[in-house]
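Novice: Supplied structure: protein20.cif, mmCIF, C-alpha atoms; chains and numbers go by the auth columns.
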```
data_final
#
loop_
_atom_site.group_PDB
_atom_site.id
_atom_site.type_symbol
_atom_site.label_atom_id
_atom_site.label_comp_id
_atom_site.label_asym_id
_atom_site.label_seq_id
_atom_site.Cartn_x
_atom_site.Cartn_y
_atom_site.Cartn_z
_atom_site.B_iso_or_equiv
_atom_site.auth_seq_id
_atom_site.auth_asym_id
ATOM 1 C CA ALA A 1 1.318 5.776 -2.136 0.00 14 Y
ATOM 2 C CA GLN A 2 -1.234 7.804 -3.974 0.00 15 Y
ATOM 3 C CA SER A 3 -1.205 11.592 -4.112 0.00 16 Y
ATOM 4 C CA VAL A 4 -3.090 14.417 -5.777 0.00 17 Y
ATOM 5 C CA THR A 5 -1.869 17.724 -7.158 0.00 18 Y
ATOM 6 C CA GLN A 6 -4.266 20.526 -7.937 0.00 19 Y
ATOM 7 C CA LEU A 7 -2.688 23.202 -10.088 0.00 20 Y
ATOM 8 C CA GLY A 8 -3.744 26.671 -9.036 0.00 21 Y
ATOM 9 C CA SER A 9 -4.956 27.383 -5.533 0.00 22 Y
ATOM 10 C CA HIS A 10 -7.130 30.208 -6.857 0.00 23 Y
ATOM 11 C CA VAL A 11 -8.942 30.441 -10.170 0.00 24 Y
ATOM 12 C CA SER A 12 -11.030 33.416 -11.244 0.00 25 Y
ATOM 13 C CA VAL A 13 -13.429 33.396 -14.184 0.00 26 Y
ATOM 14 C CA SER A 14 -16.144 35.615 -15.546 0.00 27 Y
ATOM 15 C CA GLU A 15 -19.751 34.558 -15.373 0.00 28 Y
ATOM 16 C CA GLY A 16 -20.514 32.560 -18.510 0.00 29 Y
ATOM 17 C CA ALA A 17 -16.882 31.618 -19.147 0.00 30 Y
ATOM 18 C CA LEU A 18 -15.409 28.144 -19.206 0.00 31 Y
ATOM 19 C CA VAL A 19 -14.356 26.677 -15.873 0.00 32 Y
ATOM 20 C CA LEU A 20 -11.268 24.460 -15.892 0.00 33 Y
ATOM 21 C CA LEU A 21 -9.845 23.132 -12.642 0.00 34 Y
ATOM 22 C CA ARG A 22 -6.788 20.943 -12.975 0.00 35 Y
ATOM 23 C CA CYS A 23 -6.020 17.752 -11.100 0.00 36 Y
ATOM 24 C CA ASN A 24 -3.166 15.294 -11.555 0.00 37 Y
ATOM 25 C CA TYR A 25 -2.769 12.140 -9.560 0.00 38 Y
ATOM 26 C CA SER A 26 -0.106 9.642 -8.698 0.00 39 Y
ATOM 27 C CA SER A 27 -1.076 6.054 -8.063 0.00 40 Y
ATOM 28 C CA SER A 28 0.583 2.677 -8.422 0.00 41 Y
ATOM 29 C CA VAL A 29 -2.678 1.009 -9.447 0.00 42 Y
ATOM 30 C CA PRO A 30 -5.706 2.259 -11.381 0.00 43 Y
ATOM 31 C CA PRO A 31 -7.323 4.667 -8.983 0.00 44 Y
ATOM 32 C CA TYR A 32 -10.784 5.907 -8.270 0.00 45 Y
ATOM 33 C CA LEU A 33 -11.021 9.680 -8.646 0.00 46 Y
ATOM 34 C CA PHE A 34 -13.401 12.202 -7.164 0.00 47 Y
ATOM 35 C CA TRP A 35 -14.265 15.866 -7.270 0.00 48 Y
ATOM 36 C CA TYR A 36 -15.897 17.461 -4.248 0.00 49 Y
ATOM 37 C CA VAL A 37 -17.192 20.989 -3.737 0.00 50 Y
ATOM 38 C CA GLN A 38 -17.267 22.897 -0.473 0.00 51 Y
ATOM 39 C CA TYR A 39 -19.377 26.020 -0.134 0.00 52 Y
ATOM 40 C CA PRO A 40 -18.455 28.499 2.604 0.00 53 Y
ATOM 41 C CA ASN A 41 -18.957 27.116 6.089 0.00 54 Y
ATOM 42 C CA GLN A 42 -20.373 23.870 4.786 0.00 55 Y
ATOM 43 C CA GLY A 43 -19.284 20.273 4.453 0.00 56 Y
ATOM 44 C CA LEU A 44 -18.289 18.411 1.308 0.00 57 Y
ATOM 45 C CA GLN A 45 -20.586 17.612 -1.560 0.00 58 Y
ATOM 46 C CA LEU A 46 -19.699 15.034 -4.190 0.00 59 Y
ATOM 47 C CA LEU A 47 -19.691 16.491 -7.703 0.00 60 Y
ATOM 48 C CA LEU A 48 -18.679 13.380 -9.613 0.00 61 Y
ATOM 49 C CA LYS A 49 -16.487 10.294 -9.485 0.00 62 Y
ATOM 50 C CA TYR A 50 -14.576 8.012 -11.807 0.00 63 Y
ATOM 51 C CA THR A 51 -14.609 4.325 -10.953 0.00 64 Y
ATOM 52 C CA SER A 52 -13.141 2.705 -14.092 0.00 65 Y
ATOM 53 C CA ALA A 53 -16.233 2.880 -16.264 0.00 66 Y
ATOM 54 C CA ALA A 54 -16.608 5.677 -18.840 0.00 67 Y
ATOM 55 C CA THR A 55 -13.621 8.019 -18.921 0.00 68 Y
ATOM 56 C CA LEU A 56 -15.848 11.084 -19.335 0.00 69 Y
ATOM 57 C CA VAL A 57 -17.837 11.515 -16.179 0.00 70 Y
ATOM 58 C CA LYS A 58 -20.787 13.842 -15.837 0.00 71 Y
ATOM 59 C CA GLY A 59 -21.687 15.231 -12.458 0.00 72 Y
ATOM 60 C CA ILE A 60 -24.098 17.585 -10.830 0.00 73 Y
ATOM 61 C CA ASN A 61 -24.551 21.271 -11.615 0.00 74 Y
ATOM 62 C CA GLY A 62 -23.265 20.869 -15.181 0.00 75 Y
ATOM 63 C CA PHE A 63 -19.749 19.782 -14.230 0.00 76 Y
ATOM 64 C CA GLU A 64 -17.859 17.007 -15.944 0.00 77 Y
ATOM 65 C CA ALA A 65 -14.372 15.511 -15.776 0.00 78 Y
ATOM 66 C CA GLU A 66 -12.318 13.326 -18.063 0.00 79 Y
ATOM 67 C CA PHE A 67 -9.990 10.616 -16.873 0.00 80 Y
ATOM 68 C CA LYS A 68 -6.815 10.556 -18.969 0.00 81 Y
ATOM 69 C CA LYS A 69 -4.579 7.709 -17.937 0.00 82 Y
ATOM 70 C CA SER A 70 -1.710 8.746 -20.228 0.00 83 Y
ATOM 71 C CA GLU A 71 -1.627 12.177 -18.599 0.00 84 Y
ATOM 72 C CA THR A 72 -2.578 10.964 -15.096 0.00 85 Y
ATOM 73 C CA SER A 73 -5.122 13.746 -15.054 0.00 86 Y
ATOM 74 C CA PHE A 74 -8.724 14.233 -14.031 0.00 87 Y
ATOM 75 C CA HIS A 75 -9.514 17.865 -14.847 0.00 88 Y
ATOM 76 C CA LEU A 76 -12.900 19.341 -13.945 0.00 89 Y
ATOM 77 C CA THR A 77 -14.741 21.502 -16.449 0.00 90 Y
ATOM 78 C CA LYS A 78 -17.986 23.402 -16.854 0.00 91 Y
ATOM 79 C CA PRO A 79 -18.841 25.169 -20.108 0.00 92 Y
ATOM 80 C CA SER A 80 -20.415 28.234 -18.547 0.00 93 Y
ATOM 81 C CA ALA A 81 -19.698 29.491 -15.047 0.00 94 Y
ATOM 82 C CA HIS A 82 -22.467 30.705 -12.808 0.00 95 Y
ATOM 83 C CA MET A 83 -22.117 32.974 -9.812 0.00 96 Y
ATOM 84 C CA SER A 84 -23.310 30.124 -7.605 0.00 97 Y
ATOM 85 C CA ASP A 85 -20.286 28.027 -8.637 0.00 98 Y
ATOM 86 C CA ALA A 86 -18.023 30.126 -6.426 0.00 99 Y
ATOM 87 C CA ALA A 87 -16.677 27.653 -3.891 0.00 100 Y
ATOM 88 C CA GLU A 88 -13.665 25.516 -3.071 0.00 101 Y
ATOM 89 C CA TYR A 89 -13.122 22.401 -5.145 0.00 102 Y
ATOM 90 C CA PHE A 90 -11.192 19.343 -4.074 0.00 103 Y
ATOM 91 C CA CYS A 91 -9.862 16.535 -6.199 0.00 104 Y
ATOM 92 C CA ALA A 92 -9.341 13.220 -4.384 0.00 105 Y
ATOM 93 C CA VAL A 93 -8.023 9.738 -5.117 0.00 106 Y
ATOM 94 C CA SER A 94 -8.559 6.365 -3.538 0.00 107 Y
ATOM 95 C CA MET A 95 -7.213 2.929 -4.313 0.00 108 Y
ATOM 96 C CA PRO A 96 -8.957 -0.406 -4.059 0.00 109 Y
ATOM 97 C CA GLY A 97 -7.467 -2.431 -1.247 0.00 110 Y
ATOM 98 C CA GLY A 98 -5.734 0.503 0.415 0.00 111 Y
ATOM 99 C CA TYR A 99 -8.103 0.596 3.383 0.00 112 Y
ATOM 100 C CA ASN A 100 -10.155 2.826 1.123 0.00 113 Y
ATOM 101 C CA LYS A 101 -8.186 5.898 2.187 0.00 114 Y
ATOM 102 C CA LEU A 102 -9.364 8.968 0.323 0.00 115 Y
ATOM 103 C CA ILE A 103 -6.494 11.371 -0.287 0.00 116 Y
ATOM 104 C CA PHE A 104 -7.285 14.973 -1.169 0.00 117 Y
ATOM 105 C CA GLY A 105 -5.520 17.637 -3.129 0.00 118 Y
ATOM 106 C CA ALA A 106 -4.916 21.043 -1.578 0.00 119 Y
ATOM 107 C CA GLY A 107 -8.025 22.493 -3.168 0.00 120 Y
ATOM 108 C CA THR A 108 -8.787 25.228 -5.677 0.00 121 Y
ATOM 109 C CA ARG A 109 -10.861 28.226 -4.740 0.00 122 Y
ATOM 110 C CA LEU A 110 -13.027 29.309 -7.653 0.00 123 Y
ATOM 111 C CA ALA A 111 -14.164 32.921 -7.865 0.00 124 Y
ATOM 112 C CA VAL A 112 -16.800 33.956 -10.401 0.00 125 Y
ATOM 113 C CA HIS A 113 -17.156 37.633 -11.197 0.00 126 Y
ATOM 114 C CA PRO A 114 -19.871 39.411 -13.185 0.00 127 Y
ATOM 115 C CA SER B 1 -30.486 4.490 4.459 0.00 29 C
ATOM 116 C CA GLN B 2 -27.043 5.297 5.772 0.00 30 C
ATOM 117 C CA THR B 3 -26.496 8.518 7.683 0.00 31 C
ATOM 118 C CA ILE B 4 -23.592 10.013 9.537 0.00 32 C
ATOM 119 C CA HIS B 5 -23.889 12.316 12.515 0.00 33 C
ATOM 120 C CA GLN B 6 -21.152 14.590 13.704 0.00 34 C
ATOM 121 C CA TRP B 7 -21.257 16.985 16.635 0.00 35 C
ATOM 122 C CA PRO B 8 -20.921 19.636 17.772 0.00 36 C
ATOM 123 C CA ALA B 9 -21.105 21.875 14.716 0.00 37 C
ATOM 124 C CA THR B 10 -18.956 24.580 16.273 0.00 38 C
ATOM 125 C CA LEU B 11 -16.708 24.625 19.282 0.00 39 C
ATOM 126 C CA VAL B 12 -14.541 27.255 20.935 0.00 40 C
ATOM 127 C CA GLN B 13 -12.058 25.892 23.415 0.00 41 C
ATOM 128 C CA PRO B 14 -9.195 27.449 25.374 0.00 42 C
ATOM 129 C CA VAL B 15 -5.625 26.346 24.871 0.00 43 C
ATOM 130 C CA GLY B 16 -4.788 23.442 27.151 0.00 44 C
ATOM 131 C CA SER B 17 -8.355 22.189 27.473 0.00 45 C
ATOM 132 C CA PRO B 18 -9.413 18.674 26.450 0.00 46 C
ATOM 133 C CA LEU B 19 -11.336 17.829 23.288 0.00 47 C
ATOM 134 C CA SER B 20 -13.835 15.174 22.338 0.00 48 C
ATOM 135 C CA LEU B 21 -15.555 15.121 18.957 0.00 49 C
ATOM 136 C CA GLU B 22 -17.955 12.327 18.200 0.00 50 C
ATOM 137 C CA CYS B 23 -19.111 10.769 14.982 0.00 51 C
ATOM 138 C CA THR B 24 -21.706 8.035 14.600 0.00 52 C
ATOM 139 C CA VAL B 25 -22.927 6.161 11.554 0.00 53 C
ATOM 140 C CA GLU B 26 -26.341 4.604 11.056 0.00 54 C
ATOM 141 C CA GLY B 27 -27.628 2.106 8.551 0.00 55 C
ATOM 142 C CA THR B 28 -24.443 0.167 7.911 0.00 56 C
ATOM 143 C CA SER B 29 -22.167 -2.213 9.745 0.00 57 C
ATOM 144 C CA ASN B 30 -18.386 -2.533 9.879 0.00 58 C
ATOM 145 C CA PRO B 31 -17.715 0.675 7.948 0.00 59 C
ATOM 146 C CA ASN B 32 -14.278 2.157 7.463 0.00 60 C
ATOM 147 C CA LEU B 33 -14.192 5.408 9.421 0.00 61 C
ATOM 148 C CA TYR B 34 -12.017 8.470 8.888 0.00 62 C
ATOM 149 C CA TRP B 35 -11.166 11.784 10.534 0.00 63 C
ATOM 150 C CA TYR B 36 -10.010 14.654 8.328 0.00 64 C
ATOM 151 C CA ARG B 37 -8.897 18.159 9.244 0.00 65 C
ATOM 152 C CA GLN B 38 -8.987 21.269 7.123 0.00 66 C
ATOM 153 C CA ALA B 39 -6.805 24.029 8.526 0.00 67 C
ATOM 154 C CA ALA B 40 -7.494 27.599 7.435 0.00 68 C
ATOM 155 C CA GLY B 41 -6.566 28.050 3.781 0.00 69 C
ATOM 156 C CA ARG B 42 -5.412 24.471 3.426 0.00 70 C
ATOM 157 C CA GLY B 43 -6.704 21.246 1.984 0.00 71 C
ATOM 158 C CA LEU B 44 -8.153 18.229 3.727 0.00 72 C
ATOM 159 C CA GLN B 45 -5.641 16.152 5.618 0.00 73 C
ATOM 160 C CA LEU B 46 -6.394 12.590 6.658 0.00 74 C
ATOM 161 C CA LEU B 47 -5.706 12.295 10.383 0.00 75 C
ATOM 162 C CA PHE B 48 -6.929 8.827 11.365 0.00 76 C
ATOM 163 C CA TYR B 49 -8.712 5.878 9.863 0.00 77 C
ATOM 164 C CA SER B 50 -10.227 2.767 11.347 0.00 78 C
ATOM 165 C CA VAL B 51 -11.182 -0.527 9.738 0.00 79 C
ATOM 166 C CA GLY B 52 -12.745 -2.042 12.866 0.00 80 C
ATOM 167 C CA ILE B 53 -13.446 -1.689 16.572 0.00 81 C
ATOM 168 C CA GLY B 54 -10.309 -0.710 18.436 0.00 82 C
ATOM 169 C CA GLN B 55 -8.256 -0.526 15.218 0.00 83 C
ATOM 170 C CA ILE B 56 -6.882 2.954 14.684 0.00 84 C
ATOM 171 C CA SER B 57 -4.223 4.079 12.230 0.00 85 C
ATOM 172 C CA SER B 58 -2.667 7.518 12.411 0.00 86 C
ATOM 173 C CA GLU B 59 -1.573 9.264 9.260 0.00 87 C
ATOM 174 C CA VAL B 60 0.315 12.166 10.798 0.00 88 C
ATOM 175 C CA PRO B 61 1.989 12.747 14.159 0.00 89 C
ATOM 176 C CA GLN B 62 0.051 15.243 16.191 0.00 90 C
ATOM 177 C CA ASN B 63 -1.582 16.270 19.404 0.00 91 C
ATOM 178 C CA LEU B 64 -4.737 14.300 18.691 0.00 92 C
ATOM 179 C CA SER B 65 -5.877 10.733 19.163 0.00 93 C
ATOM 180 C CA ALA B 66 -8.798 8.683 17.931 0.00 94 C
ATOM 181 C CA SER B 67 -10.794 5.787 19.304 0.00 95 C
ATOM 182 C CA ARG B 68 -13.474 3.452 18.036 0.00 96 C
ATOM 183 C CA PRO B 69 -15.246 1.971 21.027 0.00 97 C
ATOM 184 C CA GLN B 70 -18.179 0.667 18.993 0.00 98 C
ATOM 185 C CA ASP B 71 -18.594 -0.424 15.395 0.00 99 C
ATOM 186 C CA ARG B 72 -20.293 2.757 14.284 0.00 100 C
ATOM 187 C CA GLN B 73 -18.749 5.278 16.663 0.00 101 C
ATOM 188 C CA PHE B 74 -15.544 7.205 16.041 0.00 102 C
ATOM 189 C CA ILE B 75 -14.157 9.717 18.536 0.00 103 C
ATOM 190 C CA LEU B 76 -11.452 12.316 18.089 0.00 104 C
ATOM 191 C CA SER B 77 -9.764 13.480 21.277 0.00 105 C
ATOM 192 C CA SER B 78 -7.053 15.598 22.726 0.00 106 C
ATOM 193 C CA LYS B 79 -5.831 15.914 26.304 0.00 107 C
ATOM 194 C CA LYS B 80 -4.544 19.465 25.828 0.00 108 C
ATOM 195 C CA LEU B 81 -5.477 21.564 22.831 0.00 109 C
ATOM 196 C CA LEU B 82 -2.974 23.730 20.994 0.00 110 C
ATOM 197 C CA LEU B 83 -3.697 26.804 18.903 0.00 111 C
ATOM 198 C CA SER B 84 -2.608 24.827 15.868 0.00 112 C
ATOM 199 C CA ASP B 85 -5.442 22.350 16.449 0.00 113 C
ATOM 200 C CA SER B 86 -7.933 24.925 15.176 0.00 114 C
ATOM 201 C CA GLY B 87 -9.657 23.916 11.984 0.00 115 C
ATOM 202 C CA PHE B 88 -12.594 22.212 10.379 0.00 116 C
ATOM 203 C CA TYR B 89 -12.880 18.542 11.300 0.00 117 C
ATOM 204 C CA LEU B 90 -14.757 16.118 9.106 0.00 118 C
ATOM 205 C CA CYS B 91 -15.747 12.559 9.841 0.00 119 C
ATOM 206 C CA ALA B 92 -16.414 10.147 6.983 0.00 120 C
ATOM 207 C CA TRP B 93 -17.301 6.519 6.406 0.00 121 C
ATOM 208 C CA SER B 94 -16.969 4.155 3.505 0.00 122 C
ATOM 209 C CA ALA B 95 -17.737 0.570 2.653 0.00 123 C
ATOM 210 C CA SER B 96 -15.622 0.593 -0.510 0.00 124 C
ATOM 211 C CA ALA B 97 -12.986 2.613 -2.329 0.00 125 C
ATOM 212 C CA TYR B 98 -15.567 4.299 -4.521 0.00 126 C
ATOM 213 C CA GLY B 99 -18.107 5.628 -2.046 0.00 127 C
ATOM 214 C CA TYR B 100 -17.607 7.968 0.871 0.00 128 C
ATOM 215 C CA THR B 101 -20.079 9.834 3.031 0.00 129 C
ATOM 216 C CA PHE B 102 -19.004 12.871 5.001 0.00 130 C
ATOM 217 C CA GLY B 103 -20.465 14.392 8.119 0.00 131 C
ATOM 218 C CA SER B 104 -21.368 18.059 8.278 0.00 132 C
ATOM 219 C CA GLY B 105 -18.170 18.930 10.116 0.00 133 C
ATOM 220 C CA THR B 106 -17.086 20.604 13.338 0.00 134 C
ATOM 221 C CA ARG B 107 -15.443 23.977 13.266 0.00 135 C
ATOM 222 C CA LEU B 108 -13.002 24.098 16.179 0.00 136 C
ATOM 223 C CA THR B 109 -11.452 27.357 17.309 0.00 137 C
ATOM 224 C CA VAL B 110 -8.790 27.179 19.972 0.00 138 C
ATOM 225 C CA VAL B 111 -8.302 30.487 21.764 0.00 139 C
#
```
Take the structure in the file and write it out as structure tokens.
Specialist:
Amino acid sequence: AQSVTQLGSHVSVSEGALVLLRCNYSSSVPPYLFWYVQYPNQGLQLLLKYTSAATLVKGINGFEAEFKKSETSFHLTKPSAHMSDAAEYFCAVSMPGGYNKLIFGAGTRLAVHP
Amino acid sequence: SQTIHQWPATLVQPVGSPLSLECTVEGTSNPNLYWYRQAAGRGLQLLFYSVGIGQISSEVPQNLSASRPQDRQFILSSKKLLLSDSGFYLCAWSASAYGYTFGSGTRLTVV
């Protein structure tokens, strides 16, 4: 069965600093990988997804993630944090043929301070 | 275009009362449907999924049940709510393993 581990339940960065949110997955077959963002009291918004095309995936709001099969990782980065990036971020994995179940990590809450 | 409707947006219910949350999808047929719950300070847990009318699979044992009476309707229910049922409930649909659409969620508070 697939699973997702997000290292660090809370990450704090300064405005303008690099954002790095870590995600490692476990899957018996090549997975599809996703990053979602949740702003306070809102639903989920898709940031980006990897579906076996380019390993470096660019998403919205300046975020990108790189799929590294050898490390079973899909870390999310942004070169320069903005105050509006403060939110909770979820990494998720799905597998073709597995009833399309999307399995989420526990989430990482990103705080951005001036 | 495909849309997903989830209601109500917020709900406060007393312990022991019943629950019914509804989710409907438009613009697609035979979608896979999912119910997720996000408890306070925790991630998103898959509760139920359905690949067709009347076909429900439960991921975790709990006080809740799900039903799919129509192709594009997915209902989450409970006969008697517990305090631990409080949380943010999200409905989602997919037609493949690389595309999911989420509803806006229902925040349930059991008091």
Novice: What does the PyMOL selection byres ((chain C) within 9 of (chain Y)) select in this file, as a list in words?
Specialist: Asn60, Tyr62, Gly69, Arg70, Gly71, Leu72, Gln73, Leu74, Tyr77, Ser78, Val79, Leu118, Ser122, Ala123, Ser124, Ala125, Tyr126, Gly127, Tyr128, Thr129, Phe130, Gly131, Ser132, Gly133 and Arg135 of chain C
Novice: Any chance you could work out the residue set of the PyMOL selection byres ((chain C and resi 50) around 6) here, as a ChimeraX atom specification?
Specialist: /C:34-35,49,51,103
Novice: Could you give me, as a list in words, the residues within 8 Å of Y:His95, counting all atoms listed in the file and dropping anything in the same chain fewer than 6 positions from it?
Specialist: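 Here the qualifying residues turn out to be Glu28, Gly29 and Val125 of chain Y.
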Novice: May I have the residues from that selection written out with C-alpha atoms, as a PDB file, in the coordinates of the input?
Specialist:
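Output file out.pdb is given in full below:
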```pdb
ATOM      1  CA  GLU Y  28     -19.751  34.558 -15.373  1.00  0.00           C
ATOM      2  CA  GLY Y  29     -20.514  32.560 -18.510  1.00  0.00           C
ATOM      3  CA  VAL Y 125     -16.800  33.956 -10.401  1.00  0.00           C
TER       4      VAL Y 125
END
```
Novice: May I ask which of the residues Y:Thr90, Y:Asp98, Y:Leu60, Y:Leu123 is the closest one to Y:Leu33, counting all atoms listed in the file?
Specialist: Y:Thr90
Novice: Name the residues in contact with C:Val40 at a cut-off of 7 Å, using all atoms listed in the file, excluding same-chain residues fewer than 2 positions from it; report them as a list in words.
Specialist: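 What passes the distance filter is Thr38, Pro42, Leu136, Thr137 and Val138 of chain C.
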Novice: Output the selection as a PDB file, keeping the file's coordinate frame - C-alpha atoms for each residue.
Specialist:
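Wrote it out as selection_0.pdb, contents follow:
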```
ATOM      1  CA  THR C  38     -18.956  24.580  16.273  1.00  0.00           C
ATOM      2  CA  PRO C  42      -9.195  27.449  25.374  1.00  0.00           C
ATOM      3  CA  LEU C 136     -13.002  24.098  16.179  1.00  0.00           C
ATOM      4  CA  THR C 137     -11.452  27.357  17.309  1.00  0.00           C
ATOM      5  CA  VAL C 138      -8.790  27.179  19.972  1.00  0.00           C
TER       6      VAL C 138
END
```
Novice: Padding 4 Å on every side, please: axis-aligned box over the listed atoms of stretch 88-95 of chain Y, centre and edge lengths to one decimal in Å, as AutoDock Vina command-line options.
Specialist:
```
--center_x -16.0 --center_y 24.3 --center_z -16.5 --size_x 21.0 --size_y 20.8 --size_z 15.3
```
Novice: As an exercise, work out the distance from atom CA of Y:Ala100 to atom CA of C:Pro36 in Å and give it to one decimal place.
Specialist: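 Interatomic distance, atom CA of Y:Ala100 to atom CA of C:Pro36: 23.5 Å.
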Novice: Would you list the contacts of Y:Ser16 as a list in words, taking every protein, DNA or RNA residue within 7 Å and counting all atoms listed in the file, but skipping same-chain residues closer than 5 positions in sequence?
Specialist: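 Non-adjacent residues within range: Tyr38, Ser39, Ser40 and Ile116 of chain Y.
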Novice: Could you spell out the hits of the PyMOL selection byres ((chain Y and resi 73) around 7) on the shown file, as a list in words?
Specialist: Leu60, Leu61, Gly72, Asn74, Gly75 and Phe76 of chain Y
